[in-house]
Amino acid sequence: MNVPYIVSLAYQYADNLAFLLLAALGLMIILGVIDVINLAHGELIMLGAYTTTLAYHRAHLPLPACVLLSFIGVGAFGMLLERTVIRRFYRDKLGALVATWGISLLLSQGMLLFLGPSLIAVPLPEWTLSYAGYSFGGYRLLLFGASILVVLLAWWIFYRTKFGVRTRATMQNPAMAQALGVDTRRIYLYTFAAGSALAGLTGGLYAPTTTIVPLMGTTFVDVAFITVVVGGGANPILGALTSSALLASISAPLSSAFGTFLGRIGLLLTALVIIRFLPRGLSGYFQDLQRRRMAGARS
Amino acid sequence: MTTDEKKFDVCVPTDAADASGTGGSSAGLTRRDLIKAAAVTGAGVLAAPALLRAQAAGGAASIKFGLLEDRSGNFAIFGLNKWHGTQLAIKEINDGWTLDGGVQGPGGPGVHAKVAAKPPTTNIKATVDNGGAPARDDTVWTEPAEYLLKSGDKGVLGRQIELLAPDPQSDNTQFQTLARRLILDDKVDVIMAGFASAEREAIRPIMDQNKMLYFYNNQYEGGVADKNTFCTGAVPEQQIVPVMQYMIKNFGPRIYTLAADYNFGQLSAAWTRAMAPLLNAEVIGEEFIPLSVSQFSSSIAKIQEAKPSWLMMYITGQNHSNFYPQANAAGLKFPMGSSINIAQGYEHRRFAPPALNRFHVTASYMEEIPTPRNKLFVKRWRAMFADEPYLAMEGHSAYVATHLYAKAVRLAGTTDKATVVKALESGLGVEAPAGWVFMDPATHHLSQYIRLARCDEKHNITFMTEWPHIEPWWTRRLGVNLARTAEYKQYIPDEDPFFKMFQKKKG
């Protein structure tokens, strides 16, 4: 246990955290607000990566512009999806599951038909930092910074804007919110678009690091679901942040000491334990804790 | 020969006049055969409707060729290429072409009478660059550019080959379902299937239960000894041993293995462990990565801690190939050796330079092979599949296997599986686009023309060394002789007492 090793571990922790957070946040917001499990989340990430890659190679835009295009483009696509498909399933949660799964199949197989098995990836920016025999990818640190920024932005929208207040009201009691004049349909539309835009952003940001293939979404979606299960939908932002912090603190040292395989096993075991003892996830647990405290204060 | 070559200059060889001639006569012959066969089995009444249908269609019943290659999923990038290779070969066979070569008696590279008439006048390096291979006594054997001959047949035995190729989607369960469907419903005559070893092992028992003739056209971890199975890809004695020798000699003895966590990666890593003491090297670290993983920061940090002389890479699939750009961006600059990457998944074309700098692979085929023969092959392939991103090692294996099957059926005079197996065990050698290959009767594997390719910082490929004839000798040493004793298993390095002996000696 020396200082360089701890620095390397911290880097791996940040990298893990960013991946979990960015993969899961969009999924979690949609689950928390609309209570729809979006099985097409991975394919929306894939769309984001394809948008960035195509914009980079065909339109020769700089990488940040490509990523922004993914964010906006996939957000708009999410809006279209909500208008045409998702809104027909708000009373039928199992139906929504099947519908989003169908969308995911259409997107991935359609991409395979239209653009073939793979695209040439965007070259990964080669910023390397060296420290005591270790070298770190600068782009991965940038990803970590981006993930923290995104969470801050989401938190600001959720807690500091009028739209956020209406969204939280809709989450708590949609019927009451509607009675008070909140257009819940509009809230749902924007939430789904925001979740999709976040998926597009994730795809765009990770496009230089991954292979651009139609089924690339699956590599994000399995960890995204573990993060969502551990975090719970009661408070999407707190849930995503605490759960990815917890999971990264388990998988980073395990992977570093025993290899990626045991890192993965550690993630799954943690998810199992959390589901057993905190069925509503970390954010559900915090919510209950808060309620109990408030109830205690009242009595 | 020269007039033939002129004709072959047309990308996809066709000869209309010849086509109508042989097509007509062989179809007639087959109809007679069918009637004869029906009479002999006493099933004339039963066979009559089928016979009428065949006559109405204007030819004999087709040969049903089952193919299971991944066209979607984690392995699509490899499967699509193999599917194309099979389609190209079937088109050539149906148009009346076959690979040069045939039964070669005792086997071995000399029997095809290819030793050049004159001693070399150019220097050896230039000769190698032009496709000739230097022998120890400095004679070169020639390699004619043309590898196709007229078969004098339309299809095989006058029957067209019909391809049945559903998509197994990189999913082992789909492989099993579709293999059963091809065997039981479609009643195919042969099945060629599988990229990953897990896919092969999922369906090999089904092939054996149904006595189905099965070709696995992929490089792999070696050791399959199965009477019904023929393997046309390269195996560890042809790839891992030569690349390890080269890497140890040029970069040093400390090896770090990064492998995919399934039977291929585990067993290839076992080969590296077993061979290292014999080559005065040691494996200082190993990591096995699940196939679903695509982010590698912890693996990269572990490699940086270990500080090896070079990396042995057995990672596979589209998720794993992300390792290369990530490692490059993290400043990991070790030389790498492999039996698969870049030759299979053309990572050097998919990722921006210099991610694959100093990458070395022993390959049975790569698109960059500079011989006139390969240039002809690439031209014909692209005439059929203009958008093909790369002609990879396994697409070539699939192409050669399809032609080998057609040759064996023609030799057997029937598609009866047991007879075709005997024909394949008769000592067949063919002129593949990569060079001459020979189906070893004892092991059901090919001797291969192996080249060691090196990728530079601009992602250009240079072939550093060539081995024109490496035999699949390993299972033979363990006593496998499928021509004499049928077996249905896969040997693993742990079963080889020799490896243990040498490991003990060292430790």
# chains A, B, ... in the order shown; residues from 1 in each chain; ligands from 1

$ residues_around --residues "stretch 160-166 of chain A" --least-positions-apart "4" --cutoff "8 Å" --atoms "only C-alpha atoms" --output "PyMOL selection string"
chain A and resi 155-156+170+177+182+187

$ interface_residues --of "chain A" --to "chain B" --cutoff "8 Å" --atoms "only C-alpha atoms" --output "JSON, numbers by chain"
{"A": [8, 12, 15, 109, 112, 117, 118, 119, 120, 121, 122, 123, 124, 125, 126, 127, 128, 129, 133, 134, 135, 136, 137, 138, 139, 209, 210, 211, 213, 214, 215, 216, 219, 252, 255, 256, 259, 260, 261]}

$ select_by_dssp --residues "stretch 183-257 of chain B" --states "strand (DSSP E)" --output "VMD selection string"
chain B and resid 190 to 193 214 to 216 224 to 226 229 to 231 254 to 257

$ write_last_selection --atoms "N, CA and C atoms" --output "PDB file, in the first residue's frame"
ATOM      1  N   VAL B 190     -24.504 -31.317 -44.729  1.00  0.00           N
ATOM      2  CA  VAL B 190     -23.311 -30.926 -43.982  1.00  0.00           C
ATOM      3  C   VAL B 190     -23.663 -29.658 -43.215  1.00  0.00           C
ATOM      4  N   ILE B 191     -22.999 -29.465 -42.061  1.00  0.00           N
ATOM      5  CA  ILE B 191     -23.165 -28.204 -41.335  1.00  0.00           C
ATOM      6  C   ILE B 191     -21.791 -27.604 -41.084  1.00  0.00           C
ATOM      7  N   MET B 192     -21.649 -26.333 -41.396  1.00  0.00           N
ATOM      8  CA  MET B 192     -20.455 -25.598 -41.004  1.00  0.00           C
ATOM      9  C   MET B 192     -20.925 -24.530 -40.028  1.00  0.00           C
ATOM     10  N   ALA B 193     -20.293 -24.438 -38.865  1.00  0.00           N
ATOM     11  CA  ALA B 193     -20.877 -23.556 -37.855  1.00  0.00           C
ATOM     12  C   ALA B 193     -19.894 -23.114 -36.799  1.00  0.00           C
ATOM     13  N   TYR B 214     -19.646 -32.270 -39.663  1.00  0.00           N
ATOM     14  CA  TYR B 214     -19.562 -30.914 -39.123  1.00  0.00           C
ATOM     15  C   TYR B 214     -18.181 -30.309 -39.385  1.00  0.00           C
ATOM     16  N   PHE B 215     -18.173 -29.087 -39.905  1.00  0.00           N
ATOM     17  CA  PHE B 215     -16.930 -28.337 -40.098  1.00  0.00           C
ATOM     18  C   PHE B 215     -16.921 -27.147 -39.154  1.00  0.00           C
ATOM     19  N   TYR B 216     -15.820 -26.995 -38.420  1.00  0.00           N
ATOM     20  CA  TYR B 216     -15.613 -25.807 -37.584  1.00  0.00           C
ATOM     21  C   TYR B 216     -14.503 -24.995 -38.241  1.00  0.00           C
ATOM     22  N   VAL B 224      -9.653 -30.755 -30.434  1.00  0.00           N
ATOM     23  CA  VAL B 224     -10.867 -31.489 -30.788  1.00  0.00           C
ATOM     24  C   VAL B 224     -10.473 -32.733 -31.595  1.00  0.00           C
ATOM     25  N   ALA B 225     -10.900 -33.902 -31.095  1.00  0.00           N
ATOM     26  CA  ALA B 225     -10.662 -35.160 -31.799  1.00  0.00           C
ATOM     27  C   ALA B 225     -12.016 -35.825 -31.922  1.00  0.00           C
ATOM     28  N   ASP B 226     -12.677 -35.606 -33.039  1.00  0.00           N
ATOM     29  CA  ASP B 226     -14.060 -36.032 -33.208  1.00  0.00           C
ATOM     30  C   ASP B 226     -14.221 -36.567 -34.627  1.00  0.00           C
ATOM     31  N   THR B 229     -16.172 -34.372 -36.948  1.00  0.00           N
ATOM     32  CA  THR B 229     -15.822 -32.955 -37.006  1.00  0.00           C
ATOM     33  C   THR B 229     -14.516 -32.729 -37.771  1.00  0.00           C
ATOM     34  N   PHE B 230     -14.514 -31.730 -38.638  1.00  0.00           N
ATOM     35  CA  PHE B 230     -13.292 -31.325 -39.327  1.00  0.00           C
ATOM     36  C   PHE B 230     -13.025 -29.860 -39.000  1.00  0.00           C
ATOM     37  N   CYS B 231     -11.783 -29.553 -38.623  1.00  0.00           N
ATOM     38  CA  CYS B 231     -11.443 -28.200 -38.199  1.00  0.00           C
ATOM     39  C   CYS B 231     -10.491 -27.587 -39.212  1.00  0.00           C
ATOM     40  N   ARG B 254       9.438 -12.087 -20.000  1.00  0.00           N
ATOM     41  CA  ARG B 254       8.362 -11.895 -19.014  1.00  0.00           C
ATOM     42  C   ARG B 254       7.028 -11.666 -19.731  1.00  0.00           C
ATOM     43  N   ILE B 255       6.137 -12.647 -19.626  1.00  0.00           N
ATOM     44  CA  ILE B 255       4.894 -12.631 -20.398  1.00  0.00           C
ATOM     45  C   ILE B 255       3.707 -12.320 -19.489  1.00  0.00           C
ATOM     46  N   TYR B 256       2.823 -11.457 -19.953  1.00  0.00           N
ATOM     47  CA  TYR B 256       1.571 -11.197 -19.240  1.00  0.00           C
ATOM     48  C   TYR B 256       0.420 -11.560 -20.180  1.00  0.00           C
ATOM     49  N   THR B 257      -0.465 -12.444 -19.727  1.00  0.00           N
ATOM     50  CA  THR B 257      -1.553 -12.908 -20.589  1.00  0.00           C
ATOM     51  C   THR B 257      -2.862 -12.212 -20.228  1.00  0.00           C
TER      52      THR B 257
END

$ residues_around --residues "stretch 73-90 of chain A" --least-positions-apart "5" --cutoff "10 Å" --atoms "only C-alpha atoms" --output "PyMOL selection string"
chain A and resi 34-36+38+44-49+51-52+67-68+95-100+103+185+188-201+203

$ write_last_selection --atoms "C-alpha atoms" --output "PDB file, in the first residue's frame"
ATOM      1  CA  ILE A  34     -42.801   7.883 -14.988  1.00  0.00           C
ATOM      2  CA  ASP A  35     -42.388   4.455 -13.345  1.00  0.00           C
ATOM      3  CA  VAL A  36     -41.580   2.891 -16.712  1.00  0.00           C
ATOM      4  CA  ASN A  38     -37.133   1.521 -20.266  1.00  0.00           C
ATOM      5  CA  LEU A  44     -30.668   4.914 -26.928  1.00  0.00           C
ATOM      6  CA  ILE A  45     -27.044   4.950 -25.723  1.00  0.00           C
ATOM      7  CA  MET A  46     -26.144   3.131 -28.935  1.00  0.00           C
ATOM      8  CA  LEU A  47     -27.978   5.810 -30.962  1.00  0.00           C
ATOM      9  CA  GLY A  48     -25.967   8.477 -29.152  1.00  0.00           C
ATOM     10  CA  ALA A  49     -22.702   6.738 -29.968  1.00  0.00           C
ATOM     11  CA  THR A  51     -24.728   9.975 -33.849  1.00  0.00           C
ATOM     12  CA  THR A  52     -21.383  11.123 -32.474  1.00  0.00           C
ATOM     13  CA  VAL A  67     -21.533  14.853 -28.286  1.00  0.00           C
ATOM     14  CA  LEU A  68     -23.891  17.829 -28.011  1.00  0.00           C
ATOM     15  CA  GLY A  95     -47.063  -3.570 -21.514  1.00  0.00           C
ATOM     16  CA  ALA A  96     -44.514  -0.731 -21.375  1.00  0.00           C
ATOM     17  CA  LEU A  97     -41.825  -3.281 -20.579  1.00  0.00           C
ATOM     18  CA  VAL A  98     -42.659  -5.310 -23.678  1.00  0.00           C
ATOM     19  CA  ALA A  99     -43.066  -2.200 -25.838  1.00  0.00           C
ATOM     20  CA  THR A 100     -39.669  -0.769 -24.888  1.00  0.00           C
ATOM     21  CA  ILE A 103     -38.219  -0.808 -29.571  1.00  0.00           C
ATOM     22  CA  ARG A 185     -48.547  14.494 -19.641  1.00  0.00           C
ATOM     23  CA  TYR A 188     -43.864  12.798 -18.623  1.00  0.00           C
ATOM     24  CA  LEU A 189     -42.969  13.884 -22.140  1.00  0.00           C
ATOM     25  CA  TYR A 190     -40.104  16.087 -20.967  1.00  0.00           C
ATOM     26  CA  THR A 191     -38.886  13.507 -18.469  1.00  0.00           C
ATOM     27  CA  PHE A 192     -38.718  10.799 -21.082  1.00  0.00           C
ATOM     28  CA  ALA A 193     -36.949  13.186 -23.447  1.00  0.00           C
ATOM     29  CA  ALA A 194     -34.479  14.129 -20.684  1.00  0.00           C
ATOM     30  CA  GLY A 195     -33.769  10.464 -19.860  1.00  0.00           C
ATOM     31  CA  SER A 196     -33.230   9.752 -23.555  1.00  0.00           C
ATOM     32  CA  ALA A 197     -31.002  12.812 -23.953  1.00  0.00           C
ATOM     33  CA  LEU A 198     -28.866  11.585 -21.038  1.00  0.00           C
ATOM     34  CA  ALA A 199     -28.593   8.187 -22.744  1.00  0.00           C
ATOM     35  CA  GLY A 200     -27.543   9.971 -25.939  1.00  0.00           C
ATOM     36  CA  LEU A 201     -24.966  11.974 -24.008  1.00  0.00           C
ATOM     37  CA  GLY A 203     -23.307   7.179 -25.866  1.00  0.00           C
TER      38      GLY A 203
END

$ residues_around --residues "B:Ala423" --least-positions-apart "4" --cutoff "8 Å" --atoms "only C-alpha atoms" --output "number ranges by chain"
B: 408-409, 411-412, 419

$ select_by_dssp --residues "stretch 84-222 of chain A" --states "alpha helix (DSSP H)" --output "PyMOL selection string"
chain A and resi 84+93-115+138-160+162-172+174-179+184-206+217-222

$ residues_around --residues "A:Gly42" --least-positions-apart "4" --cutoff "6 Å" --atoms "only C-alpha atoms" --output "ChimeraX atom specification"
/A:217-218,221

$ write_last_selection --atoms "N, CA and C atoms" --output "PDB file, in the first residue's frame"
ATOM      1  N   GLY A 217     -25.194  -1.376 -26.784  1.00  0.00           N
ATOM      2  CA  GLY A 217     -25.990  -0.960 -25.637  1.00  0.00           C
ATOM      3  C   GLY A 217     -25.953  -1.960 -24.499  1.00  0.00           C
ATOM      4  N   THR A 218     -25.842  -3.236 -24.831  1.00  0.00           N
ATOM      5  CA  THR A 218     -25.885  -4.266 -23.790  1.00  0.00           C
ATOM      6  C   THR A 218     -24.730  -4.118 -22.799  1.00  0.00           C
ATOM      7  N   VAL A 221     -26.057  -1.533 -20.447  1.00  0.00           N
ATOM      8  CA  VAL A 221     -27.346  -1.704 -19.807  1.00  0.00           C
ATOM      9  C   VAL A 221     -27.284  -2.690 -18.647  1.00  0.00           C
TER      10      VAL A 221
END

$ closest_residue --among "A:Ile226, A:Leu25, A:Leu141, A:Leu282" --to "A:Gly266" --atoms "only C-alpha atoms"
A:Ile226

$ closest_residue --among "B:Leu478, B:Leu404, B:Ala274, B:Leu376" --to "B:Pro433" --atoms "only C-alpha atoms"
B:Leu376

$ decode --residues "stretch 22-114 of chain A" --atoms "C-alpha atoms" --output "PDB file, in the first residue's frame"
ATOM      1  CA  LEU A  22     -23.637   7.951 -16.807  1.00  0.00           C
ATOM      2  CA  ALA A  23     -24.986   4.545 -17.817  1.00  0.00           C
ATOM      3  CA  ALA A  24     -27.742   4.578 -15.189  1.00  0.00           C
ATOM      4  CA  LEU A  25     -28.893   8.177 -14.656  1.00  0.00           C
ATOM      5  CA  GLY A  26     -31.225   8.462 -17.670  1.00  0.00           C
ATOM      6  CA  LEU A  27     -32.777   5.077 -16.955  1.00  0.00           C
ATOM      7  CA  MET A  28     -33.264   5.982 -13.328  1.00  0.00           C
ATOM      8  CA  ILE A  29     -34.927   9.350 -13.970  1.00  0.00           C
ATOM      9  CA  ILE A  30     -37.457   7.729 -16.306  1.00  0.00           C
ATOM     10  CA  LEU A  31     -38.113   4.961 -13.784  1.00  0.00           C
ATOM     11  CA  GLY A  32     -38.415   7.380 -10.872  1.00  0.00           C
ATOM     12  CA  VAL A  33     -40.749   9.904 -12.490  1.00  0.00           C
ATOM     13  CA  ILE A  34     -42.801   7.883 -14.988  1.00  0.00           C
ATOM     14  CA  ASP A  35     -42.388   4.455 -13.345  1.00  0.00           C
ATOM     15  CA  VAL A  36     -41.580   2.891 -16.712  1.00  0.00           C
ATOM     16  CA  ILE A  37     -38.676   0.462 -16.992  1.00  0.00           C
ATOM     17  CA  ASN A  38     -37.133   1.521 -20.266  1.00  0.00           C
ATOM     18  CA  LEU A  39     -35.608  -1.613 -21.792  1.00  0.00           C
ATOM     19  CA  ALA A  40     -34.555   0.411 -24.850  1.00  0.00           C
ATOM     20  CA  HIS A  41     -32.154   2.474 -22.711  1.00  0.00           C
ATOM     21  CA  GLY A  42     -29.088   0.628 -24.033  1.00  0.00           C
ATOM     22  CA  GLU A  43     -30.207   1.196 -27.614  1.00  0.00           C
ATOM     23  CA  LEU A  44     -30.668   4.914 -26.928  1.00  0.00           C
ATOM     24  CA  ILE A  45     -27.044   4.950 -25.723  1.00  0.00           C
ATOM     25  CA  MET A  46     -26.144   3.131 -28.935  1.00  0.00           C
ATOM     26  CA  LEU A  47     -27.978   5.810 -30.962  1.00  0.00           C
ATOM     27  CA  GLY A  48     -25.967   8.477 -29.152  1.00  0.00           C
ATOM     28  CA  ALA A  49     -22.702   6.738 -29.968  1.00  0.00           C
ATOM     29  CA  TYR A  50     -23.702   6.314 -33.608  1.00  0.00           C
ATOM     30  CA  THR A  51     -24.728   9.975 -33.849  1.00  0.00           C
ATOM     31  CA  THR A  52     -21.383  11.123 -32.474  1.00  0.00           C
ATOM     32  CA  THR A  53     -19.397   8.734 -34.656  1.00  0.00           C
ATOM     33  CA  LEU A  54     -21.260   9.617 -37.849  1.00  0.00           C
ATOM     34  CA  ALA A  55     -21.135  13.344 -37.121  1.00  0.00           C
ATOM     35  CA  TYR A  56     -17.406  13.095 -36.480  1.00  0.00           C
ATOM     36  CA  HIS A  57     -16.519  11.105 -39.587  1.00  0.00           C
ATOM     37  CA  ARG A  58     -19.108  12.296 -42.130  1.00  0.00           C
ATOM     38  CA  ALA A  59     -19.798  15.884 -41.060  1.00  0.00           C
ATOM     39  CA  HIS A  60     -16.262  16.435 -39.669  1.00  0.00           C
ATOM     40  CA  LEU A  61     -17.534  18.212 -36.568  1.00  0.00           C
ATOM     41  CA  PRO A  62     -15.272  18.537 -33.513  1.00  0.00           C
ATOM     42  CA  LEU A  63     -15.912  15.941 -30.799  1.00  0.00           C
ATOM     43  CA  PRO A  64     -17.692  18.262 -28.288  1.00  0.00           C
ATOM     44  CA  ALA A  65     -20.131  19.362 -31.007  1.00  0.00           C
ATOM     45  CA  CYS A  66     -20.769  15.716 -31.905  1.00  0.00           C
ATOM     46  CA  VAL A  67     -21.533  14.853 -28.286  1.00  0.00           C
ATOM     47  CA  LEU A  68     -23.891  17.829 -28.011  1.00  0.00           C
ATOM     48  CA  LEU A  69     -25.617  16.659 -31.183  1.00  0.00           C
ATOM     49  CA  SER A  70     -26.074  13.205 -29.612  1.00  0.00           C
ATOM     50  CA  PHE A  71     -27.568  14.805 -26.505  1.00  0.00           C
ATOM     51  CA  ILE A  72     -30.077  16.859 -28.490  1.00  0.00           C
ATOM     52  CA  GLY A  73     -30.741  14.315 -31.230  1.00  0.00           C
ATOM     53  CA  VAL A  74     -31.445  11.367 -28.950  1.00  0.00           C
ATOM     54  CA  GLY A  75     -33.496  13.647 -26.680  1.00  0.00           C
ATOM     55  CA  ALA A  76     -35.680  14.596 -29.658  1.00  0.00           C
ATOM     56  CA  PHE A  77     -35.925  10.953 -30.638  1.00  0.00           C
ATOM     57  CA  GLY A  78     -37.030  10.149 -27.069  1.00  0.00           C
ATOM     58  CA  MET A  79     -39.732  12.799 -27.385  1.00  0.00           C
ATOM     59  CA  LEU A  80     -40.960  11.170 -30.566  1.00  0.00           C
ATOM     60  CA  LEU A  81     -40.976   7.757 -28.890  1.00  0.00           C
ATOM     61  CA  GLU A  82     -42.966   9.078 -25.962  1.00  0.00           C
ATOM     62  CA  ARG A  83     -45.530  10.702 -28.257  1.00  0.00           C
ATOM     63  CA  THR A  84     -46.002   7.644 -30.467  1.00  0.00           C
ATOM     64  CA  VAL A  85     -45.498   4.628 -28.205  1.00  0.00           C
ATOM     65  CA  ILE A  86     -44.669   5.131 -24.545  1.00  0.00           C
ATOM     66  CA  ARG A  87     -47.676   7.284 -23.626  1.00  0.00           C
ATOM     67  CA  ARG A  88     -50.046   4.489 -24.638  1.00  0.00           C
ATOM     68  CA  PHE A  89     -48.642   2.317 -21.860  1.00  0.00           C
ATOM     69  CA  TYR A  90     -48.787   4.536 -18.753  1.00  0.00           C
ATOM     70  CA  ARG A  91     -51.647   2.481 -17.329  1.00  0.00           C
ATOM     71  CA  ASP A  92     -49.999  -0.805 -18.305  1.00  0.00           C
ATOM     72  CA  LYS A  93     -46.521  -1.076 -16.837  1.00  0.00           C
ATOM     73  CA  LEU A  94     -45.927  -4.638 -18.066  1.00  0.00           C
ATOM     74  CA  GLY A  95     -47.063  -3.570 -21.514  1.00  0.00           C
ATOM     75  CA  ALA A  96     -44.514  -0.731 -21.375  1.00  0.00           C
ATOM     76  CA  LEU A  97     -41.825  -3.281 -20.579  1.00  0.00           C
ATOM     77  CA  VAL A  98     -42.659  -5.310 -23.678  1.00  0.00           C
ATOM     78  CA  ALA A  99     -43.066  -2.200 -25.838  1.00  0.00           C
ATOM     79  CA  THR A 100     -39.669  -0.769 -24.888  1.00  0.00           C
ATOM     80  CA  TRP A 101     -38.091  -4.183 -25.394  1.00  0.00           C
ATOM     81  CA  GLY A 102     -39.619  -4.269 -28.879  1.00  0.00           C
ATOM     82  CA  ILE A 103     -38.219  -0.808 -29.571  1.00  0.00           C
ATOM     83  CA  SER A 104     -34.785  -1.981 -28.459  1.00  0.00           C
ATOM     84  CA  LEU A 105     -34.898  -4.912 -30.889  1.00  0.00           C
ATOM     85  CA  LEU A 106     -36.072  -2.680 -33.732  1.00  0.00           C
ATOM     86  CA  LEU A 107     -33.300  -0.168 -33.088  1.00  0.00           C
ATOM     87  CA  SER A 108     -30.426  -2.630 -32.787  1.00  0.00           C
ATOM     88  CA  GLN A 109     -31.458  -4.899 -35.658  1.00  0.00           C
ATOM     89  CA  GLY A 110     -32.384  -1.900 -37.809  1.00  0.00           C
ATOM     90  CA  MET A 111     -28.947  -0.411 -37.217  1.00  0.00           C
ATOM     91  CA  LEU A 112     -27.363  -3.728 -38.202  1.00  0.00           C
ATOM     92  CA  LEU A 113     -29.363  -3.722 -41.449  1.00  0.00           C
ATOM     93  CA  PHE A 114     -28.681  -0.088 -42.310  1.00  0.00           C
TER      94      PHE A 114
END
